[in-house]
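**Student:** For reference, the file input.txt (compact mmCIF, N, CA and C atoms) is included below:
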# COMPACT_ATOMS: atom_id res chain seq x y z
N MET A 1 5.14 8.52 -27.55
CA MET A 1 5.76 8.67 -26.25
C MET A 1 4.97 7.87 -25.22
N LYS A 2 5.70 7.31 -24.30
CA LYS A 2 5.02 6.55 -23.26
C LYS A 2 4.84 7.41 -22.02
N ILE A 3 3.82 7.08 -21.28
CA ILE A 3 3.58 7.77 -20.01
C ILE A 3 4.63 7.29 -19.02
N MET A 4 5.26 8.23 -18.35
CA MET A 4 6.31 7.91 -17.39
C MET A 4 5.70 7.73 -16.00
N THR A 5 6.27 6.83 -15.22
CA THR A 5 5.90 6.70 -13.82
C THR A 5 6.55 7.84 -13.03
N TYR A 6 6.08 8.04 -11.81
CA TYR A 6 6.71 9.07 -10.97
C TYR A 6 8.20 8.78 -10.82
N ASP A 7 8.56 7.52 -10.60
CA ASP A 7 9.98 7.18 -10.41
C ASP A 7 10.80 7.51 -11.65
N GLU A 8 10.25 7.29 -12.83
CA GLU A 8 10.95 7.64 -14.07
C GLU A 8 11.09 9.16 -14.20
N ILE A 9 10.04 9.87 -13.83
CA ILE A 9 10.09 11.34 -13.88
C ILE A 9 11.13 11.84 -12.88
N ARG A 10 11.14 11.28 -11.69
CA ARG A 10 12.11 11.69 -10.66
C ARG A 10 13.53 11.44 -11.13
N LYS A 11 13.76 10.29 -11.77
CA LYS A 11 15.09 9.98 -12.31
C LYS A 11 15.45 10.96 -13.42
N TYR A 12 14.49 11.29 -14.28
CA TYR A 12 14.73 12.27 -15.34
C TYR A 12 15.16 13.61 -14.72
N ALA A 13 14.45 14.05 -13.70
CA ALA A 13 14.78 15.32 -13.05
C ALA A 13 16.18 15.25 -12.44
N GLU A 14 16.50 14.14 -11.82
CA GLU A 14 17.82 13.98 -11.21
C GLU A 14 18.92 13.95 -12.26
N ASP A 15 18.68 13.24 -13.36
CA ASP A 15 19.68 13.13 -14.42
C ASP A 15 19.93 14.46 -15.13
N ASN A 16 18.95 15.33 -15.11
CA ASN A 16 19.05 16.64 -15.79
C ASN A 16 19.09 17.79 -14.79
N ASN A 17 19.58 17.51 -13.61
CA ASN A 17 19.54 18.45 -12.50
C ASN A 17 20.47 19.64 -12.69
N GLU A 18 19.96 20.65 -13.32
CA GLU A 18 20.63 21.95 -13.38
C GLU A 18 19.63 22.95 -12.87
N PRO A 19 19.90 23.74 -11.94
CA PRO A 19 21.18 24.13 -11.35
C PRO A 19 21.46 23.48 -10.01
N ARG A 20 21.51 22.20 -9.96
CA ARG A 20 21.85 21.47 -8.74
C ARG A 20 20.84 21.67 -7.62
N LEU A 21 19.66 21.19 -7.85
CA LEU A 21 18.61 21.22 -6.83
C LEU A 21 18.88 20.15 -5.79
N THR A 22 18.41 20.38 -4.57
CA THR A 22 18.54 19.38 -3.52
C THR A 22 17.59 18.22 -3.79
N SER A 23 17.76 17.15 -3.06
CA SER A 23 16.88 15.99 -3.21
C SER A 23 15.42 16.35 -2.94
N GLU A 24 15.18 17.14 -1.90
CA GLU A 24 13.82 17.56 -1.58
C GLU A 24 13.24 18.45 -2.69
N GLU A 25 14.07 19.34 -3.22
CA GLU A 25 13.61 20.19 -4.31
C GLU A 25 13.29 19.36 -5.55
N LEU A 26 14.13 18.36 -5.83
CA LEU A 26 13.86 17.48 -6.97
C LEU A 26 12.56 16.71 -6.78
N ASP A 27 12.27 16.30 -5.55
CA ASP A 27 11.00 15.61 -5.28
C ASP A 27 9.82 16.52 -5.66
N HIS A 28 9.91 17.78 -5.28
CA HIS A 28 8.84 18.74 -5.59
C HIS A 28 8.70 18.93 -7.10
N VAL A 29 9.82 19.13 -7.77
CA VAL A 29 9.80 19.36 -9.22
C VAL A 29 9.27 18.12 -9.94
N ALA A 30 9.68 16.96 -9.51
CA ALA A 30 9.19 15.72 -10.13
C ALA A 30 7.68 15.58 -9.94
N MET A 31 7.18 15.94 -8.76
CA MET A 31 5.74 15.91 -8.54
C MET A 31 5.03 16.86 -9.50
N CYS A 32 5.58 18.05 -9.68
CA CYS A 32 4.99 19.01 -10.62
C CYS A 32 5.03 18.48 -12.04
N MET A 33 6.13 17.85 -12.42
CA MET A 33 6.22 17.26 -13.76
C MET A 33 5.20 16.15 -13.94
N GLU A 34 5.00 15.37 -12.89
CA GLU A 34 3.97 14.33 -12.94
C GLU A 34 2.59 14.97 -13.14
N HIS A 35 2.34 16.07 -12.47
CA HIS A 35 1.06 16.78 -12.65
C HIS A 35 0.91 17.30 -14.07
N ILE A 36 1.98 17.80 -14.66
CA ILE A 36 1.93 18.24 -16.06
C ILE A 36 1.59 17.07 -16.97
N GLN A 37 2.22 15.94 -16.75
CA GLN A 37 1.93 14.76 -17.56
C GLN A 37 0.48 14.32 -17.39
N LYS A 38 -0.01 14.33 -16.16
CA LYS A 38 -1.41 13.99 -15.91
C LYS A 38 -2.36 14.99 -16.57
N TRP A 39 -1.97 16.26 -16.57
CA TRP A 39 -2.77 17.28 -17.26
C TRP A 39 -2.89 16.92 -18.74
N TYR A 40 -1.78 16.56 -19.34
CA TYR A 40 -1.79 16.28 -20.78
C TYR A 40 -2.63 15.04 -21.09
N TYR A 41 -2.41 13.96 -20.35
CA TYR A 41 -3.05 12.69 -20.67
C TYR A 41 -4.41 12.48 -20.01
N GLU A 42 -4.65 13.13 -18.86
CA GLU A 42 -5.86 12.84 -18.08
C GLU A 42 -6.68 14.08 -17.74
N ASP A 43 -6.34 15.23 -18.29
CA ASP A 43 -7.01 16.49 -17.98
C ASP A 43 -6.96 16.84 -16.48
N PHE A 44 -5.86 16.50 -15.84
CA PHE A 44 -5.63 16.82 -14.44
C PHE A 44 -5.59 18.34 -14.28
N PRO A 45 -6.30 18.91 -13.31
CA PRO A 45 -6.28 20.36 -13.14
C PRO A 45 -4.93 20.83 -12.59
N LEU A 46 -4.45 21.95 -13.11
CA LEU A 46 -3.18 22.51 -12.67
C LEU A 46 -3.41 23.79 -11.90
N GLY A 47 -2.48 24.09 -11.01
CA GLY A 47 -2.50 25.37 -10.31
C GLY A 47 -1.99 26.47 -11.22
N ASP A 48 -1.95 27.67 -10.70
CA ASP A 48 -1.59 28.84 -11.51
C ASP A 48 -0.18 28.75 -12.09
N PHE A 49 0.79 28.35 -11.28
CA PHE A 49 2.17 28.28 -11.79
C PHE A 49 2.29 27.28 -12.93
N LEU A 50 1.81 26.06 -12.73
CA LEU A 50 1.94 25.05 -13.79
C LEU A 50 1.10 25.41 -15.01
N THR A 51 -0.01 26.09 -14.81
CA THR A 51 -0.78 26.57 -15.96
C THR A 51 0.05 27.54 -16.78
N ALA A 52 0.75 28.44 -16.11
CA ALA A 52 1.63 29.38 -16.83
C ALA A 52 2.72 28.62 -17.58
N ILE A 53 3.25 27.57 -16.97
CA ILE A 53 4.29 26.77 -17.63
C ILE A 53 3.74 26.15 -18.91
N VAL A 54 2.59 25.49 -18.83
CA VAL A 54 2.08 24.80 -20.02
C VAL A 54 1.49 25.77 -21.04
N LYS A 55 1.18 26.99 -20.61
CA LYS A 55 0.75 28.01 -21.56
C LYS A 55 1.96 28.69 -22.21
N ASN A 56 3.15 28.29 -21.78
CA ASN A 56 4.40 28.83 -22.32
C ASN A 56 4.50 30.33 -22.04
N ASP A 57 4.02 30.74 -20.87
CA ASP A 57 4.00 32.14 -20.46
C ASP A 57 5.11 32.37 -19.43
N LEU A 58 6.29 32.68 -19.94
CA LEU A 58 7.45 32.81 -19.07
C LEU A 58 7.27 33.88 -18.00
N MET A 59 6.80 35.04 -18.38
CA MET A 59 6.67 36.12 -17.40
C MET A 59 5.72 35.72 -16.26
N GLU A 60 4.57 35.15 -16.61
CA GLU A 60 3.62 34.74 -15.57
C GLU A 60 4.22 33.64 -14.70
N ALA A 61 4.92 32.69 -15.33
CA ALA A 61 5.55 31.61 -14.56
C ALA A 61 6.57 32.16 -13.58
N VAL A 62 7.38 33.11 -14.01
CA VAL A 62 8.39 33.70 -13.13
C VAL A 62 7.72 34.41 -11.96
N PHE A 63 6.65 35.17 -12.23
CA PHE A 63 5.98 35.91 -11.16
C PHE A 63 5.29 34.97 -10.17
N LEU A 64 4.84 33.79 -10.64
CA LEU A 64 4.11 32.87 -9.77
C LEU A 64 5.00 31.83 -9.08
N ALA A 65 6.22 31.67 -9.56
CA ALA A 65 7.11 30.62 -9.05
C ALA A 65 7.58 30.89 -7.63
N ASP A 66 7.64 29.81 -6.86
CA ASP A 66 8.33 29.91 -5.57
C ASP A 66 9.82 29.75 -5.85
N ASP A 67 10.64 29.76 -4.81
CA ASP A 67 12.10 29.70 -4.99
C ASP A 67 12.55 28.43 -5.70
N VAL A 68 11.93 27.31 -5.39
CA VAL A 68 12.31 26.04 -6.01
C VAL A 68 11.94 26.04 -7.49
N ASN A 69 10.71 26.39 -7.79
CA ASN A 69 10.27 26.38 -9.18
C ASN A 69 11.00 27.41 -10.03
N LEU A 70 11.38 28.51 -9.44
CA LEU A 70 12.15 29.50 -10.18
C LEU A 70 13.49 28.91 -10.63
N LYS A 71 14.11 28.16 -9.74
CA LYS A 71 15.39 27.52 -10.09
C LYS A 71 15.20 26.40 -11.12
N ALA A 72 14.00 25.84 -11.21
CA ALA A 72 13.76 24.66 -12.04
C ALA A 72 13.14 24.97 -13.40
N LEU A 73 13.06 26.22 -13.79
CA LEU A 73 12.40 26.57 -15.05
C LEU A 73 13.00 25.83 -16.24
N LYS A 74 14.32 25.70 -16.28
CA LYS A 74 14.97 24.98 -17.38
C LYS A 74 14.54 23.52 -17.39
N LEU A 75 14.43 22.91 -16.22
CA LEU A 75 13.99 21.51 -16.15
C LEU A 75 12.58 21.35 -16.69
N TYR A 76 11.69 22.28 -16.37
CA TYR A 76 10.33 22.21 -16.90
C TYR A 76 10.34 22.34 -18.42
N ALA A 77 11.13 23.25 -18.95
CA ALA A 77 11.21 23.42 -20.41
C ALA A 77 11.72 22.14 -21.07
N TRP A 78 12.75 21.55 -20.49
CA TRP A 78 13.28 20.30 -21.04
C TRP A 78 12.24 19.19 -20.97
N PHE A 79 11.54 19.10 -19.84
CA PHE A 79 10.53 18.05 -19.68
C PHE A 79 9.44 18.18 -20.74
N LEU A 80 8.93 19.39 -20.93
CA LEU A 80 7.89 19.60 -21.94
C LEU A 80 8.41 19.28 -23.34
N THR A 81 9.62 19.67 -23.63
CA THR A 81 10.18 19.48 -24.96
C THR A 81 10.46 18.02 -25.28
N TRP A 82 11.00 17.28 -24.33
CA TRP A 82 11.48 15.93 -24.61
C TRP A 82 10.59 14.82 -24.10
N ASN A 83 9.57 15.12 -23.31
CA ASN A 83 8.79 14.05 -22.69
C ASN A 83 7.29 14.11 -22.92
N LEU A 84 6.80 15.12 -23.61
CA LEU A 84 5.40 15.17 -23.99
C LEU A 84 5.32 15.27 -25.51
N PRO A 85 4.24 14.78 -26.10
CA PRO A 85 4.07 14.99 -27.54
C PRO A 85 4.06 16.49 -27.84
N ALA A 86 4.53 16.86 -29.03
CA ALA A 86 4.69 18.27 -29.39
C ALA A 86 3.37 19.06 -29.36
N ASP A 87 2.24 18.37 -29.45
CA ASP A 87 0.97 19.11 -29.47
C ASP A 87 0.54 19.61 -28.09
N TRP A 88 1.36 19.43 -27.06
CA TRP A 88 1.01 19.95 -25.74
C TRP A 88 0.79 21.46 -25.80
N ARG A 89 1.46 22.14 -26.74
CA ARG A 89 1.34 23.60 -26.85
C ARG A 89 -0.07 24.05 -27.23
N TRP A 90 -0.82 23.16 -27.86
CA TRP A 90 -2.15 23.54 -28.34
C TRP A 90 -3.28 22.98 -27.48
N LYS A 91 -2.93 22.22 -26.46
CA LYS A 91 -3.96 21.69 -25.56
C LYS A 91 -4.48 22.82 -24.69
N ARG A 92 -5.75 22.95 -24.59
CA ARG A 92 -6.34 24.02 -23.79
C ARG A 92 -6.19 23.71 -22.31
N CYS A 93 -5.75 24.68 -21.55
CA CYS A 93 -5.54 24.47 -20.12
C CYS A 93 -6.26 25.49 -19.28
N PHE A 94 -7.20 26.18 -19.86
CA PHE A 94 -7.91 27.21 -19.09
C PHE A 94 -9.38 27.15 -19.38
If you convert what's in this file into structure tokens, what do you get?

**Tutor:**
Amino acid sequence: MKIMTYDEIRKYAEDNNEPRLTSEELDHVAMCMEHIQKWYYEDFPLGDFLTAIVKNDLMEAVFLADDVNLKALKLYAWFLTWNLPADWRWKRCF
């Protein structure tokens, strides 16, 4: 898999936009996806919500999500599944 640029990530989020996030919301989600990618490839530190996402901890992610991220949970799952190598599940993030 190749590392995506922010613009490619933003386009991915827009192309897979369910449940119809606004442009501003997509900007936020794309930034978070970029941070996830940087975490995987560059050991970029993540905040609590994104840590819960990459730890595959749905309950913690739901409790920590703001309104935008709560709506975007499916997008994050798709991004992790289709845009990172499968071993992301075993990368230590804590």

**Student:** Given the choices A:Pro19, A:Thr81, A:Gln37, A:Ala65, which gets closest to Ile3 of chain A if the distance is worked out from all atoms listed in the file?

**Tutor:**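 Checking each candidate against Ile3 of chain A, we get A:Gln37 as the closest.
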
**Student:** For Leu75 of chain A, which residue out of A:Ser23, A:Trp88, A:Met4, A:Met33 is the nearest one, using only C-alpha atoms?

**Tutor:**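 The answer is A:Met33, which sits nearest to Leu75 of chain A.
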
**Student:** Can you tell me how far atom C of Leu70 of chain A sits from atom CA of Lys2 of chain A, in Å to one decimal?

**Tutor:**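 Here the two named atoms are 27.0 Å from each other.
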
**Student:** Please report the interatomic distance between atom N of Asn83 of chain A and atom C of Glu42 of chain A in Å with one decimal.

**Tutor:**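 Taking atom N of Asn83 of chain A as the start and atom C of Glu42 of chain A as the end point, the length is 17.2 Å.
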
**Student:** Atom CA of Leu84 of chain A and atom C of His28 of chain A, how far apart in Å?

**Tutor:**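 Interatomic distance here is 17.6 Å.
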
**Student:** From the list A:Lys91, A:His35, A:Lys55, A:Lys74, which residue is nearest Asn16 of chain A when using only C-alpha atoms?

**Tutor:**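 Ranked by minimum distance to Asn16 of chain A, first place goes to A:Lys74.
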
**Student:** Nearest to Asn17 of chain A among A:Trp82, A:Leu46, A:Tyr76, A:Asp66, with distances taken over only C-alpha atoms: which residue is it?

**Tutor:**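 Distance minimum relative to Asn17 of chain A lands on A:Tyr76.
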